[in-house]
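**Student:** Structure file my_file.txt, compact mmCIF, C-alpha atoms, is pasted below:
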# COMPACT_ATOMS: atom_id res chain seq x y z
CA MET A 1 24.93 42.36 1.04
CA THR A 2 21.22 43.15 0.67
CA GLN A 3 18.60 41.99 3.18
CA HIS A 4 17.22 39.58 0.58
CA SER A 5 20.62 38.03 -0.10
CA GLU A 6 21.33 37.79 3.63
CA THR A 7 18.03 35.95 4.13
CA GLN A 8 18.81 33.64 1.24
CA HIS A 9 22.29 32.96 2.60
CA SER A 10 20.82 32.10 6.02
CA GLU A 11 18.21 29.75 4.50
CA ASN A 12 20.90 28.02 2.45
CA ALA A 13 23.04 27.54 5.55
CA ILE A 14 20.12 26.00 7.46
CA SER A 15 19.32 23.72 4.51
CA ASP A 16 22.95 22.63 4.27
CA ALA A 17 23.06 21.98 8.02
CA PHE A 18 19.87 19.97 7.83
CA PHE A 19 21.25 17.77 5.07
CA SER A 20 24.54 17.32 6.91
CA LEU A 21 22.57 15.88 9.84
CA HIS A 22 21.11 13.28 7.49
CA HIS A 23 24.12 12.28 5.41
CA GLY A 24 25.13 8.68 5.96
CA LEU A 25 21.92 7.73 7.79
CA PRO A 26 20.30 4.52 6.53
CA ARG A 27 16.88 6.16 6.11
CA GLN A 28 15.43 9.60 5.52
CA GLY A 29 12.00 8.74 6.91
CA PRO A 30 10.22 6.07 8.98
CA GLY A 31 10.49 2.66 7.35
CA SER A 32 11.98 -0.82 7.42
CA ASP A 33 12.85 -3.61 5.05
CA SER A 34 9.93 -5.63 6.44
CA THR A 35 7.48 -2.83 5.61
CA THR A 36 8.95 -2.50 2.12
CA ARG A 37 8.46 -6.25 1.62
CA ALA A 38 4.86 -6.05 2.91
CA LEU A 39 4.08 -3.24 0.46
CA LEU A 40 5.76 -5.13 -2.36
CA ALA A 41 3.50 -8.13 -1.62
CA LEU A 42 0.42 -5.88 -1.85
CA ALA A 43 1.58 -4.60 -5.24
CA GLY A 44 0.83 -8.07 -6.62
CA GLU A 45 2.34 -9.87 -9.56
CA LEU A 46 5.02 -7.94 -11.46
CA PRO A 47 6.76 -8.58 -14.78
CA ALA A 48 9.93 -10.66 -14.69
CA ARG A 49 12.10 -7.51 -14.66
CA PRO A 50 9.79 -4.70 -13.59
CA ARG A 51 10.59 -1.09 -14.39
CA VAL A 52 10.46 0.76 -11.08
CA LEU A 53 10.60 4.48 -10.39
CA ASP A 54 11.62 5.22 -6.79
CA LEU A 55 10.78 8.87 -6.06
CA GLY A 56 12.46 10.80 -3.27
CA CYS A 57 14.72 7.78 -2.90
CA GLY A 58 17.20 9.34 -0.45
CA PRO A 59 20.15 6.96 0.08
CA GLY A 60 18.06 4.24 -1.57
CA ARG A 61 17.26 1.57 1.00
CA SER A 62 14.02 0.68 -0.81
CA ALA A 63 15.61 0.94 -4.27
CA LEU A 64 18.29 -1.58 -3.29
CA LEU A 65 15.73 -4.02 -1.89
CA LEU A 66 13.52 -3.76 -4.98
CA ALA A 67 16.50 -4.37 -7.25
CA ALA A 68 17.74 -7.33 -5.23
CA GLU A 69 14.49 -9.08 -4.30
CA ALA A 70 12.07 -8.11 -7.10
CA GLY A 71 14.69 -8.27 -9.85
CA ALA A 72 13.70 -4.71 -10.70
CA GLU A 73 15.33 -2.22 -13.01
CA VAL A 74 15.16 0.79 -10.69
CA THR A 75 15.30 4.45 -11.62
CA ALA A 76 15.98 6.22 -8.32
CA ALA A 77 15.20 9.95 -8.29
CA ASP A 78 16.06 12.58 -5.71
CA LEU A 79 16.97 16.27 -5.73
CA HIS A 80 19.89 15.90 -3.31
CA GLU A 81 22.95 14.66 -5.18
CA PRO A 82 24.88 13.46 -2.09
CA PHE A 83 22.07 10.97 -1.34
CA LEU A 84 22.29 9.70 -4.91
CA ALA A 85 26.06 9.35 -4.55
CA GLU A 86 25.53 7.24 -1.41
CA LEU A 87 23.08 5.05 -3.32
CA ARG A 88 25.43 4.56 -6.26
CA ALA A 89 28.25 3.53 -3.94
CA GLU A 90 26.06 1.06 -2.06
CA ALA A 91 24.59 -0.38 -5.27
CA HIS A 92 28.14 -0.96 -6.55
CA ALA A 93 29.15 -2.61 -3.26
CA ARG A 94 26.17 -4.97 -3.44
CA GLY A 95 26.70 -5.87 -7.08
CA LEU A 96 23.54 -4.00 -8.13
CA ALA A 97 25.10 -1.20 -10.16
CA ASP A 98 23.53 -2.52 -13.37
CA SER A 99 20.06 -2.59 -11.75
CA VAL A 100 19.95 0.87 -10.13
CA ARG A 101 20.15 4.10 -12.11
CA THR A 102 20.17 7.39 -10.19
CA VAL A 103 18.62 10.59 -11.52
CA ARG A 104 18.66 14.07 -10.00
CA ALA A 105 15.05 15.11 -10.64
CA ASP A 106 12.10 16.92 -9.10
CA MET A 107 9.30 14.46 -8.39
CA GLY A 108 6.82 17.12 -9.47
CA GLU A 109 8.43 17.58 -12.90
CA LEU A 110 9.44 14.14 -14.13
CA PRO A 111 10.95 13.82 -17.62
CA TYR A 112 9.43 10.45 -18.52
CA ALA A 113 6.94 9.37 -21.14
CA ASP A 114 3.50 8.02 -20.32
CA GLY A 115 3.47 4.33 -19.41
CA SER A 116 7.19 4.17 -18.61
CA PHE A 117 7.02 2.21 -15.35
CA ASP A 118 5.41 -0.95 -13.98
CA LEU A 119 5.76 0.24 -10.39
CA ILE A 120 6.12 3.72 -8.90
CA TRP A 121 7.47 3.77 -5.34
CA ALA A 122 7.52 6.66 -2.83
CA GLU A 123 8.30 5.85 0.80
CA SER A 124 8.22 8.82 3.18
CA SER A 125 8.56 11.30 0.33
CA VAL A 126 5.13 12.10 -1.11
CA TYR A 127 4.73 14.99 1.35
CA SER A 128 7.15 16.97 -0.83
CA ILE A 129 4.38 17.63 -3.36
CA GLY A 130 1.31 16.37 -1.47
CA PHE A 131 -0.65 13.12 -1.61
CA ASP A 132 -3.37 14.36 -3.98
CA THR A 133 -0.94 16.08 -6.34
CA ALA A 134 1.24 12.98 -6.52
CA LEU A 135 -1.67 10.68 -7.32
CA ASP A 136 -2.74 12.93 -10.15
CA ALA A 137 0.72 13.65 -11.58
CA TRP A 138 2.19 10.16 -11.44
CA ARG A 139 -0.72 8.15 -12.82
CA ARG A 140 0.25 8.84 -16.46
CA LEU A 141 3.66 7.23 -15.88
CA LEU A 142 2.18 3.82 -15.06
CA ALA A 143 2.13 1.13 -17.71
CA PRO A 144 -1.14 -0.83 -18.13
CA GLY A 145 -1.64 -2.86 -14.97
CA GLY A 146 0.99 -0.78 -13.18
CA THR A 147 0.93 -0.03 -9.45
CA LEU A 148 1.66 3.02 -7.32
CA VAL A 149 2.98 2.48 -3.77
CA VAL A 150 3.18 5.48 -1.43
CA THR A 151 3.44 5.96 2.31
CA GLU A 152 1.64 8.89 3.89
CA CYS A 153 1.65 10.32 7.41
CA GLU A 154 -1.89 10.56 8.79
CA TRP A 155 -3.86 10.84 12.00
CA THR A 156 -4.40 7.62 13.94
CA THR A 157 -6.92 9.14 16.33
CA ASP A 158 -10.19 10.94 15.81
CA THR A 159 -9.22 13.53 18.42
CA PRO A 160 -5.62 14.70 17.94
CA SER A 161 -4.33 17.02 20.64
CA GLY A 162 -4.00 20.72 20.03
CA GLU A 163 -0.22 20.46 20.26
CA ALA A 164 0.01 17.74 17.61
CA ARG A 165 -2.45 19.45 15.30
CA ALA A 166 -0.62 22.79 15.58
CA PHE A 167 2.72 21.13 14.80
CA TRP A 168 1.47 19.29 11.73
CA ASP A 169 -0.70 22.12 10.45
CA ALA A 170 2.47 24.23 10.30
CA HIS A 171 4.44 21.56 8.42
CA TYR A 172 2.11 19.24 6.49
CA PRO A 173 -1.59 19.06 7.42
CA LEU A 174 -2.56 15.47 8.13
CA ARG A 175 -5.77 13.64 7.26
CA ALA A 176 -7.51 10.54 8.55
CA PRO A 177 -7.01 7.20 6.73
CA GLU A 178 -10.56 7.26 5.37
CA ASP A 179 -9.93 10.70 3.87
CA ASN A 180 -6.82 9.47 2.08
CA THR A 181 -8.68 6.41 0.85
CA ARG A 182 -11.46 8.61 -0.52
CA ALA A 183 -8.86 10.81 -2.20
CA ALA A 184 -7.31 7.76 -3.89
CA LEU A 185 -10.70 6.58 -5.12
CA ALA A 186 -11.58 10.05 -6.36
CA ALA A 187 -8.30 10.14 -8.27
CA GLY A 188 -9.35 6.99 -10.12
CA TYR A 189 -7.41 4.32 -8.22
CA ALA A 190 -8.40 1.02 -6.70
CA VAL A 191 -6.86 0.40 -3.27
CA LEU A 192 -5.09 -2.96 -3.47
CA GLY A 193 -4.16 -2.85 0.20
CA THR A 194 -2.68 -0.82 3.02
CA VAL A 195 -0.01 -1.41 5.65
CA SER A 196 0.17 0.54 8.91
CA GLN A 197 3.81 1.07 9.78
CA PRO A 198 4.81 -0.09 13.29
CA GLU A 199 6.57 2.08 15.85
CA SER A 200 9.81 0.24 15.11
CA ASP A 201 9.80 1.91 11.66
CA TRP A 202 10.07 5.29 13.40
CA ASP A 203 12.88 3.97 15.60
CA GLU A 204 14.90 2.98 12.51
CA TYR A 205 14.81 6.61 11.42
CA TYR A 206 14.76 8.61 14.63
CA GLY A 207 17.32 6.51 16.52
CA PRO A 208 20.24 7.28 14.17
CA LEU A 209 18.98 10.84 13.61
CA GLY A 210 18.85 11.55 17.36
CA ALA A 211 22.36 10.22 17.83
CA ARG A 212 23.62 12.39 14.97
CA ALA A 213 21.93 15.47 16.47
CA ASP A 214 23.56 14.82 19.85
CA ALA A 215 27.00 14.71 18.20
CA ALA A 216 26.53 17.76 15.94
CA ASP A 217 28.45 21.01 16.36
CA PRO A 218 25.81 23.67 17.15
CA GLY A 219 28.25 26.40 16.16
CA ALA A 220 28.39 25.38 12.50
CA PRO A 221 26.55 27.73 10.10
CA GLY A 222 22.81 27.10 10.24
CA MET A 223 23.22 24.16 12.61
CA ALA A 224 21.54 25.73 15.65
CA GLU A 225 18.32 26.23 13.67
CA ALA A 226 18.51 22.76 12.09
CA LEU A 227 19.05 21.16 15.49
CA ALA A 228 16.14 23.07 17.01
CA ALA A 229 13.77 21.89 14.28
CA THR A 230 15.05 18.30 14.50
CA ARG A 231 14.70 18.16 18.28
CA ALA A 232 11.19 19.61 18.09
CA GLU A 233 10.26 16.85 15.64
CA LEU A 234 11.78 14.17 17.89
CA ALA A 235 9.97 15.58 20.94
CA MET A 236 6.66 15.65 19.08
CA ARG A 237 6.99 11.97 18.23
CA ARG A 238 8.08 11.07 21.74
CA GLU A 239 5.08 12.81 23.32
CA HIS A 240 2.36 12.19 20.70
CA ALA A 241 3.24 8.88 19.00
CA ALA A 242 -0.26 7.51 19.56
CA GLU A 243 -1.84 10.30 17.52
CA TYR A 244 -0.21 9.96 14.09
CA GLY A 245 1.68 7.45 11.99
CA TYR A 246 2.58 6.34 8.50
CA ARG A 247 0.42 4.07 6.35
CA GLY A 248 1.49 2.55 3.06
CA TYR A 249 -0.99 2.45 0.16
CA ALA A 250 -0.79 0.12 -2.83
CA LEU A 251 -2.88 1.69 -5.60
CA ARG A 252 -3.73 0.80 -9.17
CA PRO A 253 -5.67 2.79 -11.76
CA ALA A 254 -9.16 1.38 -11.42
CA GLY A 255 -10.75 -1.01 -13.83
CA ASP A 256 -7.86 -2.34 -15.90
CA GLY A 257 -10.33 -1.92 -18.78
CA TRP A 258 -13.19 -3.51 -16.82
CA ARG A 259 -16.07 -1.87 -15.05
CA THR A 260 -16.73 -3.52 -11.69
CA ARG A 261 -19.77 -3.07 -9.47
CA PRO A 262 -21.81 -4.89 -6.83
CA GLU A 263 -24.37 -7.33 -8.12
CA ALA A 264 -27.76 -5.65 -8.37
CA ALA A 265 -30.82 -7.15 -6.74
CA SER A 266 -32.43 -7.66 -10.15
CA GLY A 267 -33.32 -11.05 -11.56
CA ALA A 268 -31.20 -10.26 -14.62
CA ASP A 269 -28.03 -9.91 -12.57
CA ARG A 270 -28.75 -13.10 -10.62
CA ALA A 271 -29.30 -15.01 -13.82
CA ALA A 272 -26.10 -13.63 -15.36
CA VAL A 273 -24.07 -14.53 -12.25
CA HIS A 274 -25.49 -18.05 -12.34
CA ALA A 275 -24.59 -18.33 -16.02
CA VAL A 276 -21.02 -17.12 -15.48
CA ASN A 277 -20.40 -19.67 -12.72
CA ALA A 278 -22.08 -22.48 -14.66
CA ALA A 279 -19.91 -21.76 -17.71
CA ALA A 280 -16.65 -21.31 -15.78
CA PHE A 281 -16.69 -24.67 -14.00
CA PRO A 282 -17.18 -28.28 -15.17
CA THR A 283 -20.50 -28.58 -13.30
CA VAL A 284 -23.21 -26.25 -12.01
CA ALA A 285 -22.17 -26.89 -8.40
CA GLU A 286 -20.55 -23.46 -7.96
CA ALA A 287 -23.53 -21.71 -9.58
CA ASP A 288 -25.87 -23.53 -7.21
CA LEU A 289 -23.55 -22.67 -4.29
CA VAL A 290 -23.97 -18.95 -5.00
CA ASP A 291 -27.74 -19.33 -5.03
CA ALA A 292 -27.67 -21.26 -1.73
CA LEU A 293 -25.43 -18.68 -0.07
CA ARG A 294 -27.75 -15.92 -1.23
CA GLU A 295 -30.55 -17.55 0.77
CA ASP A 296 -28.46 -17.87 3.96
CA PRO A 297 -28.84 -14.63 6.01
CA GLU A 298 -25.94 -15.58 8.28
CA ALA A 299 -23.57 -15.98 5.34
CA TRP A 300 -24.72 -13.47 2.73
CA LEU A 301 -23.36 -9.91 2.98
CA ASP A 302 -25.04 -7.28 0.83
CA GLY A 303 -22.56 -5.50 -1.40
CA PHE A 304 -19.98 -8.32 -1.40
CA SER A 305 -21.10 -10.05 -4.62
CA TYR A 306 -19.23 -8.25 -7.42
CA VAL A 307 -19.32 -8.47 -11.19
CA ALA A 308 -17.03 -7.23 -13.97
CA GLU A 309 -18.67 -5.98 -17.16
CA THR A 310 -17.47 -5.49 -20.70
CA ALA A 311 -17.87 -2.09 -22.36
CA ALA A 312 -21.10 -3.43 -23.84
CA GLY A 313 -22.50 -4.28 -20.41
CA GLU A 314 -22.04 -8.07 -20.55
CA ILE A 315 -21.22 -9.61 -17.17
CA ALA A 316 -17.97 -11.47 -17.78
CA ALA A 317 -16.75 -12.28 -14.25
CA HIS A 318 -18.05 -12.73 -10.74
CA ALA A 319 -16.44 -12.84 -7.27
CA LEU A 320 -18.28 -13.52 -4.02
CA ILE A 321 -17.35 -12.93 -0.39
CA THR A 322 -19.49 -14.37 2.39
CA ARG A 323 -19.26 -14.59 6.17
CA CYS A 324 -17.30 -17.38 7.77
CA HIS A 325 -15.74 -17.71 11.23
CA VAL A 326 -12.38 -18.59 12.76
CA ASP A 327 -12.94 -20.15 16.19
CA GLY A 328 -16.13 -18.11 16.47
CA ALA A 329 -14.61 -14.79 15.37
CA PRO A 330 -16.05 -13.27 12.17
CA ALA A 331 -13.98 -13.52 9.00
CA LEU A 332 -14.68 -13.59 5.27
CA CYS A 333 -14.51 -16.31 2.66
CA LEU A 334 -13.73 -15.56 -1.00
CA ALA A 335 -15.49 -18.14 -3.18
CA PRO A 336 -16.36 -18.73 -5.86
CA VAL A 337 -14.47 -16.62 -8.40
CA ALA A 338 -15.63 -17.23 -11.98
CA VAL A 339 -14.89 -15.84 -15.45
CA LEU A 340 -16.70 -16.65 -18.69
CA PRO A 341 -14.39 -18.84 -20.81
CA ALA A 342 -14.31 -16.25 -23.61
CA HIS A 343 -12.89 -13.66 -21.20
CA GLN A 344 -10.44 -15.79 -19.23
CA GLY A 345 -6.91 -14.43 -19.32
CA THR A 346 -8.09 -10.86 -20.00
CA GLY A 347 -7.79 -9.49 -16.46
CA ALA A 348 -11.53 -9.67 -15.76
CA GLY A 349 -11.00 -12.09 -12.88
CA SER A 350 -8.29 -9.96 -11.28
CA ALA A 351 -10.40 -6.82 -11.66
CA VAL A 352 -13.43 -8.30 -9.93
CA VAL A 353 -11.39 -9.88 -7.11
CA ARG A 354 -9.65 -6.58 -6.39
CA ALA A 355 -13.00 -4.79 -6.41
CA VAL A 356 -14.65 -7.10 -3.88
CA LEU A 357 -11.56 -7.09 -1.65
CA HIS A 358 -11.60 -3.31 -1.71
CA ALA A 359 -15.27 -3.33 -0.72
CA ALA A 360 -14.44 -5.55 2.25
CA ARG A 361 -11.50 -3.38 3.26
CA ALA A 362 -13.55 -0.18 3.00
CA ARG A 363 -16.19 -1.67 5.30
CA GLY A 364 -13.61 -2.37 8.00
CA GLU A 365 -13.38 -6.15 7.71
CA GLN A 366 -10.21 -7.74 9.05
CA LEU A 367 -9.60 -11.03 7.34
CA VAL A 368 -10.37 -12.85 4.07
CA LEU A 369 -9.72 -16.56 3.49
CA VAL A 370 -9.55 -18.39 0.19
CA LEU A 371 -8.97 -22.00 -0.80
CA GLY A 372 -7.42 -21.58 -4.21
CA HIS A 373 -4.49 -21.86 -6.55
CA PRO A 374 -1.24 -20.85 -4.79
CA ASP A 375 0.11 -19.31 -7.99
CA TYR A 376 -2.89 -17.00 -8.49
CA TYR A 377 -4.06 -15.51 -5.21
CA PRO A 378 -0.71 -14.21 -3.88
CA ARG A 379 -0.95 -11.42 -6.47
CA PHE A 380 -3.70 -9.95 -4.27
CA GLY A 381 -1.62 -10.26 -1.10
CA PHE A 382 -2.78 -13.70 0.07
CA THR A 383 -0.29 -15.89 1.95
CA PRO A 384 -0.63 -19.33 3.59
CA ALA A 385 -3.22 -19.16 6.37
CA SER A 386 -1.09 -21.40 8.56
CA ALA A 387 1.29 -18.47 9.10
CA TYR A 388 -1.57 -16.76 10.96
CA GLY A 389 -2.41 -19.88 12.98
CA ILE A 390 -5.53 -20.48 10.86
CA ARG A 391 -6.49 -23.88 9.46
CA PRO A 392 -9.49 -25.56 7.78
CA SER A 393 -11.36 -28.44 9.34
CA PHE A 394 -10.39 -30.73 6.44
CA GLU A 395 -7.16 -31.77 4.75
CA VAL A 396 -5.84 -29.47 2.02
CA PRO A 397 -2.33 -28.57 0.85
CA ASP A 398 -0.94 -25.89 3.15
CA GLU A 399 -0.13 -23.52 0.30
CA ALA A 400 -3.72 -23.69 -1.05
CA MET A 401 -5.43 -22.45 2.14
CA GLN A 402 -4.61 -18.75 2.08
CA ALA A 403 -5.36 -15.63 4.12
CA LEU A 404 -5.30 -11.89 3.53
CA ALA A 405 -5.15 -9.47 6.47
CA LEU A 406 -7.08 -6.41 5.34
CA THR A 407 -6.13 -4.32 8.36
CA GLY A 408 -2.37 -4.92 8.42
CA PRO A 409 -0.37 -7.76 9.95
CA SER A 410 -1.79 -8.86 13.29
CA GLY A 411 -4.11 -5.90 13.43
CA ALA A 412 -1.19 -3.49 13.23
CA ASP A 413 -3.51 -0.56 12.57
CA GLY A 414 -5.05 -0.86 16.02
CA SER A 415 -8.00 -3.04 15.05
CA GLY A 416 -6.86 -5.86 17.34
CA PRO A 417 -5.16 -9.19 16.66
CA LEU A 418 -6.41 -11.44 13.90
CA PRO A 419 -8.30 -14.55 15.03
CA ARG A 420 -6.52 -17.89 15.18
CA GLY A 421 -7.94 -21.39 15.01
CA THR A 422 -10.21 -23.50 12.82
CA ILE A 423 -12.34 -22.11 9.97
CA THR A 424 -16.09 -22.68 10.06
CA TYR A 425 -17.65 -22.25 6.60
CA PRO A 426 -21.31 -21.49 5.84
CA ALA A 427 -23.46 -24.61 5.71
CA ALA A 428 -23.88 -24.33 1.93
CA PHE A 429 -20.23 -25.31 1.44
CA GLY A 430 -20.94 -28.72 2.96
CA VAL A 431 -17.69 -28.93 4.94
Show the structure stored in the file as structure tokens.
**Tutor:**
Amino acid sequence: MTQHSETQHSENAISDAFFSLHHGLPRQGPGSDSTTRALLALAGELPARPRVLDLGCGPGRSALLLAAEAGAEVTAADLHEPFLAELRAEAHARGLADSVRTVRADMGELPYADGSFDLIWAESSVYSIGFDTALDAWRRLLAPGGTLVVTECEWTTDTPSGEARAFWDAHYPLRAPEDNTRAALAAGYAVLGTVSQPESDWDEYYGPLGARADAADPGAPGMAEALAATRAELAMRREHAAEYGYRGYALRPAGDGWRTRPEAASGADRAAVHAVNAAAFPTVAEADLVDALREDPEAWLDGFSYVAETAAGEIAAHALITRCHVDGAPALCLAPVAVLPAHQGTGAGSAVVRAVLHAARARGEQLVLVLGHPDYYPRFGFTPASAYGIRPSFEVPDEAMQALALTGPSGADGSGPLPRGTITYPAAFGV
């Protein structure tokens, strides 16, 4: 046997040992059903039977949830056939065999036509080809209005230790959240939302994996090396958990056919915004409200009045966020949102709302509130504010008063808990 073939044989044995450690485990990376559901909520409104591509699906915990709870038609892709076999067996056991199709495929060389999927999903797997490469390669597969959901490991401190940096530099160099956000924007995506995964997501993966490692036979071919690498990974997490973590990103190709931008300080933009609001509502009250908020320095936030333009430059939609408070703590209020009647139903409203929410998220704001239609705003991730312990000072249907946590549930990204209590609106609202 040549030296090359001996090396190849050894690498194959280690790879086989590594996979044997993982067979039968519920997850192949940090995650949980609750995080999958949170990411699914950020993805917004989906077709009645969305076409989903789950990449690096492993044994398919996410694929099964998407099929069962989103009514999705899931194509689950992975290179390791035994994982796919586990998924097929579980899908059959749950009565989901008709909703989950498994494919042995390389996520970097996918055999699908452009626009084939409404949702592309990759939990704990994008590292296989890299975040930037994935964003570029997978975009063509999204149907119009489609969404990409990925989770990425990243630094959660500005000053990672030398030990943690050396470990990750050797395996998969990590970046800060703002760097990944900039990469997504540069790749032509709008960031619909992010979710920081809690420590319990790591426990769901590392708990079973650690138990399997303890029970493994170190004398099996390649197993000593696989166990050493696994235990080094477990030790790194145990000693440096505060320095890195996974964050989920819900991304959509920007624009949806609309160009969005902040309102300019020009008189022409102000007049156009007034006209859009006056035309969109039965009276000019909302148009006058925007003008009054613009004159209130405690309410108005530069860069949070957004417009959507047609290709010809006509302002067709407007969305405004201003400062409000919840028991004295700063929050944001989304109102009004207006679309010219001729452009209603075209996606202009959704485009401008997503743009202004992204602006708020990028600036580090925590919380946005909206009093609006309960069938419309959940597509952006809004849920009843009462679930956060937030309420208005006046009577409204519970499902109409909605909240969106921009920084993750209950400040899960380390920004601190969300405020609770009664909303105080700017004076111009008259409430």
**Student:** For a quick check of your reading of the model, name the residues lying within 9 Å of the coordinate (8.9, -2.8, -6.9), counting all atoms listed in the file, and write them as a ChimeraX atom specification.
**Tutor:** /A:39-40,43,46,50-54,62-63,65-67,69-74,118-121,147,149
**Student:** Using only C-alpha atoms, which residues sit within 8 Å of range 284-295 of chain A once same-chain residues fewer than 2 positions away are excluded, as a ChimeraX atom specification?
**Tutor:** /A:273-279,281-282,297,299-300,320,322,336,426,428-429
**Student:** May I have the residues within 9 Å of range 16-28 of chain A as a short mmCIF file (atom, residue, chain, number, x, y, z; two decimals) with C-alpha atoms, in the coordinates of the input, using all atoms listed in the file and disregarding those fewer than 2 positions away in the same chain?
**Tutor:**
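Ended up saving to around_32.cif:
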data_model
loop_
_atom_site.label_atom_id
_atom_site.label_comp_id
_atom_site.auth_asym_id
_atom_site.auth_seq_id
_atom_site.Cartn_x
_atom_site.Cartn_y
_atom_site.Cartn_z
CA GLU A 11 18.21 29.75 4.50
CA ASN A 12 20.90 28.02 2.45
CA ALA A 13 23.04 27.54 5.55
CA ILE A 14 20.12 26.00 7.46
CA PRO A 30 10.22 6.07 8.98
CA GLY A 31 10.49 2.66 7.35
CA SER A 32 11.98 -0.82 7.42
CA CYS A 57 14.72 7.78 -2.90
CA GLY A 58 17.20 9.34 -0.45
CA PRO A 59 20.15 6.96 0.08
CA GLY A 60 18.06 4.24 -1.57
CA ARG A 61 17.26 1.57 1.00
CA HIS A 80 19.89 15.90 -3.31
CA PRO A 82 24.88 13.46 -2.09
CA PHE A 83 22.07 10.97 -1.34
CA GLU A 86 25.53 7.24 -1.41
CA SER A 124 8.22 8.82 3.18
CA SER A 125 8.56 11.30 0.33
CA GLU A 204 14.90 2.98 12.51
CA TYR A 205 14.81 6.61 11.42
CA PRO A 208 20.24 7.28 14.17
CA LEU A 209 18.98 10.84 13.61
CA ARG A 212 23.62 12.39 14.97
CA ALA A 213 21.93 15.47 16.47
CA ALA A 216 26.53 17.76 15.94
CA ALA A 220 28.39 25.38 12.50
CA PRO A 221 26.55 27.73 10.10
CA GLY A 222 22.81 27.10 10.24
CA MET A 223 23.22 24.16 12.61
CA ALA A 224 21.54 25.73 15.65
CA GLU A 225 18.32 26.23 13.67
CA ALA A 226 18.51 22.76 12.09
CA LEU A 227 19.05 21.16 15.49
CA THR A 230 15.05 18.30 14.50
#
**Student:** Taking 4 positions as the minimum chain separation for residues in the same chain, which residues sit within 7 Å of range 418-424 of chain A when counting all atoms listed in the file? Answer as an NGL selection string.
**Tutor:** :A and (324-327 or 329 or 388-393 or 410-411)
**Student:** What is the distance, in Å and to one decimal place, between CA of Pro173 in chain A and CA of Thr151 in chain A?
**Tutor:**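 We find that CA of Pro173 in chain A and CA of Thr151 in chain A lie 14.9 Å from each other.
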**Student:** For Ala77 in chain A, please output as a list in words all residues within 6 Å (counting only C-alpha atoms; exclusion window: fewer than 5 positions along the same chain).
**Tutor:**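 Near neighbours after the sequence-gap exclusion: Leu55, Gly56, Cys57, Thr102, Val103, Arg104 and Ala105 of chain A.
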**Student:** Which is closest to Phe394 in chain A among A:Pro417, A:Gly146, A:Gly430, A:Pro378, if we use all atoms listed in the file?
**Tutor:**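 Under the stated criterion, the closest residue is A:Gly430.
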**Student:** Give me, please, the distance in Å between CA of Ala232 in chain A and CA of Arg165 in chain A, quoted to one decimal.
**Tutor:**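 Interatomic distance here is 13.9 Å.
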**Student:** For Arg237 in chain A, which residue among A:Trp258, A:Tyr112, A:Trp168, A:Tyr376 is the nearest when counting all atoms listed in the file?
**Tutor:**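 Of A:Trp258, A:Tyr112, A:Trp168, A:Tyr376, the one nearest Arg237 in chain A, counting all atoms listed in the file, is A:Trp168.
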**Student:** Counting all atoms listed in the file, which residue out of A:Ala362, A:Leu79, A:Ile321, A:Leu84 sits closest to Glu109 in chain A?
**Tutor:** A:Leu79
**Student:** Separation of CA of Val353 in chain A and CA of Asp132 in chain A, in Å?
**Tutor:**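 Those two atoms sit 25.7 Å apart.
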**Student:** Measuring atom to atom with all atoms listed in the file, identify which of A:Asp398, A:Thr260, A:Glu123, A:Met236 is nearest to Ala166 in chain A.
**Tutor:**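 That would be A:Met236, the residue with the smallest distance to Ala166 in chain A.
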**Student:** From the set A:Asp302, A:Arg261, A:Ala359, A:Thr310, which residue has the shortest atom-to-atom contact distance to Val339 in chain A, counting all atoms listed in the file?
**Tutor:**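 Distance minimum relative to Val339 in chain A lands on A:Thr310.
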**Student:** In terms of the shortest atom-to-atom distance over only C-alpha atoms, which of A:Asp296, A:Ala400, A:Thr36, A:Ile129 is closest to Asp201 in chain A?
**Tutor:**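 Checking each of A:Asp296, A:Ala400, A:Thr36, A:Ile129 against Asp201 in chain A, counting only C-alpha atoms, the winner is A:Thr36.
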